[in-house]
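Undergrad: Handing you this structure, nothing more for now.
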Amino acid sequence: MDVDATWYLVLSALLFTIGGAGVLVRRNPLVMFMCVELMLNAVNISFVTFARMLNDTGGQVVVFFVLVVAAAEVVVGLGIIVAILRRQPGADADDISLLRG
Amino acid sequence: MVDTIVFVLAALVILSGALGVILARNPVHSALMLIMTLFGVAVVFVAQEAHFLAAVQVIVYAGAIVVLFLFVIMLLGVDQADSIETEPIGGQRPAAGVVALASVGLLVLLAVRAVQVSSGARSTSSALDGEGTNLEKLARVLFTDYLFAFEATSALLVIAVVGAVVLARKPAAEDVQDRKGVGALGRTRSGSGR
């Protein structure tokens with residue numbers, strides 16, 4: 001336990017920010033989705049760090065649930081992307097504006 | 001000393017993989033860089049003694065989720081490179097950079113503050129140290145305190161599977177005919193009865 005918990009949290013902050021910047025900048029829906037996965041992983045790192053810091057198993061259990069929800073989210077999200085790209089091949093995030101009203 | 005080296009190497013792998021995800025032009029390269037990041041995160045989990053989560057991270061994320069991504073990329077044939085030179089909305093990238101820098105600053109401040117504040121309250125009921133392996137402790141808490149949430153996630157997974165089947169299914173032939181007959185407004189999906 002040489003490494004201070006703060007460094008893990010800083011790593012988590014950097015990873016979360018890179019993922020967030022990716023969601024803002026990229027327009028390919030699949031790559032945006034991967035960036036959301038990066039953000040989820042950043043949150044997982046901070047949960048595990050706090051679990052170690054506070055000596056509590058609860059943090060690790062939350063990470064387990066985040067993994068399950070991420071799996072479900074990826075399945076449904078990729079299903080939606082497949083359905084959209086089948087109707088509109090080569091669509092990017094700017095083309096999907098039907099709900100704009 | 002060893003811990004520090006492991007942390008620095010894992011951090012380099014994680015951050016370079018993450019930058020690779022957002023900078024690669026080809027979505028396939030992005031997916032492969034994502035695997036690199038996920039392995040780095042698994043190393044960080046091992047370094048923090050979350051051994052079960054490290055195993056699950058490799059099996060579920062690197063094994064299943066990224067393979068699903070690659071399947072979809074290949075299925076849709078969108079594996080050609082994007083043009084990332086053109087900027088569709090003027091000033092979007094500088095604005096995103098400013099937002100990223102601001103949020104990383106805020107999050108680091110928050111991290112430092114959180115470490116100072118939360119150093120006092122330590123768990124008494126479900127401690128991570130002490131007798132037994134990491135897996136044993138995690139299982140005991142999961143099947144007692146978090147049992148309802150655990151059952152709820154099983155329902156969530158079933159619903160996700162049903163949703164994916166409904167979304168990804170090609171509409172049947174007569175269904176398409178019906179829609180053409182009804183006109184541009186169409187009918188709701190549930191109306192087709194299948």
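Letters A, B, ... go to the chains of the structure tokens in the order shown; residues in each chain start at 1; ligands are counted from 1 in the same order.
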Residues of chain A within 6 Å of chain B, counting only C-alpha atoms, what are they? List them as a list in words.
TA: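 Residues satisfying the distance criterion: Asp2, Val3, Leu9, Val10, Ala13, Thr17, Ala21, Gly22, Leu54, Asn55, Asp56, Thr57, Ala72, Val76, Gly79 and Ala83 of chain A.
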Undergrad: Could you go through chain A and tell me which residues DSSP, when run on the backbone, assigns to alpha helix (DSSP H), listing them as an NGL selection string?
TA: :A and (5-25 or 29-54 or 58-87)
Undergrad: Restricting it to C-alpha atoms, dump the selection as a compact mmCIF listing (two decimals), in the first residue's frame.
TA:
# COMPACT_ATOMS: atom_id res chain seq x y z
CA ALA A 5 -5.40 6.73 -2.43
CA THR A 6 -5.31 10.26 -3.83
CA TRP A 7 -3.26 9.08 -6.81
CA TYR A 8 -5.84 6.46 -7.68
CA LEU A 9 -8.55 9.11 -7.50
CA VAL A 10 -6.51 11.43 -9.73
CA LEU A 11 -6.11 8.58 -12.24
CA SER A 12 -9.85 8.02 -12.08
CA ALA A 13 -10.51 11.74 -12.66
CA LEU A 14 -8.22 11.78 -15.71
CA LEU A 15 -9.84 8.67 -17.19
CA PHE A 16 -13.33 10.08 -16.61
CA THR A 17 -12.38 13.35 -18.27
CA ILE A 18 -10.86 11.64 -21.31
CA GLY A 19 -14.06 9.62 -21.69
CA GLY A 20 -16.20 12.71 -21.32
CA ALA A 21 -14.16 14.63 -23.90
CA GLY A 22 -14.55 11.68 -26.26
CA VAL A 23 -18.34 11.75 -25.90
CA LEU A 24 -18.29 15.49 -26.64
CA VAL A 25 -15.93 15.37 -29.63
CA PRO A 29 -22.11 6.44 -32.18
CA LEU A 30 -20.02 3.32 -31.52
CA VAL A 31 -16.98 5.32 -30.43
CA MET A 32 -19.19 7.55 -28.25
CA PHE A 33 -20.45 4.38 -26.61
CA MET A 34 -16.90 3.19 -25.93
CA CYS A 35 -16.19 6.54 -24.30
CA VAL A 36 -19.15 5.98 -21.97
CA GLU A 37 -17.52 2.67 -21.01
CA LEU A 38 -14.31 4.57 -20.20
CA MET A 39 -16.28 6.85 -17.88
CA LEU A 40 -17.90 3.87 -16.14
CA ASN A 41 -14.46 2.34 -15.60
CA ALA A 42 -13.17 5.56 -14.09
CA VAL A 43 -16.02 5.48 -11.60
CA ASN A 44 -15.25 1.84 -10.82
CA ILE A 45 -11.64 2.71 -10.01
CA SER A 46 -12.75 5.35 -7.54
CA PHE A 47 -15.27 2.97 -5.92
CA VAL A 48 -12.57 0.34 -5.40
CA THR A 49 -10.22 3.01 -4.02
CA PHE A 50 -12.79 4.18 -1.51
CA ALA A 51 -13.57 0.57 -0.57
CA ARG A 52 -9.90 0.06 0.29
CA MET A 53 -9.62 3.42 2.03
CA LEU A 54 -12.67 2.95 4.25
CA GLY A 58 -19.76 -2.17 -0.01
CA GLY A 59 -17.65 -0.28 -2.53
CA GLN A 60 -16.66 -3.47 -4.29
CA VAL A 61 -20.27 -4.70 -4.33
CA VAL A 62 -21.30 -1.47 -6.04
CA VAL A 63 -18.63 -2.06 -8.69
CA PHE A 64 -20.11 -5.52 -9.26
CA PHE A 65 -23.54 -3.96 -9.88
CA VAL A 66 -22.02 -1.34 -12.17
CA LEU A 67 -20.53 -4.16 -14.23
CA VAL A 68 -23.92 -5.88 -14.54
CA VAL A 69 -25.72 -2.67 -15.48
CA ALA A 70 -22.96 -1.81 -17.98
CA ALA A 71 -23.42 -5.19 -19.66
CA ALA A 72 -27.19 -4.65 -19.94
CA GLU A 73 -26.68 -1.09 -21.17
CA VAL A 74 -24.25 -2.20 -23.87
CA VAL A 75 -26.67 -4.85 -25.12
CA VAL A 76 -29.60 -2.46 -25.41
CA GLY A 77 -27.49 0.43 -26.71
CA LEU A 78 -25.87 -1.63 -29.43
CA GLY A 79 -29.32 -2.96 -30.37
CA ILE A 80 -30.53 0.62 -30.82
CA ILE A 81 -27.43 1.54 -32.85
CA VAL A 82 -27.91 -1.51 -35.10
CA ALA A 83 -31.57 -0.60 -35.63
CA ILE A 84 -30.72 3.03 -36.50
CA LEU A 85 -27.82 2.22 -38.80
CA ARG A 86 -29.91 -0.37 -40.63
CA ARG A 87 -32.44 2.30 -41.60
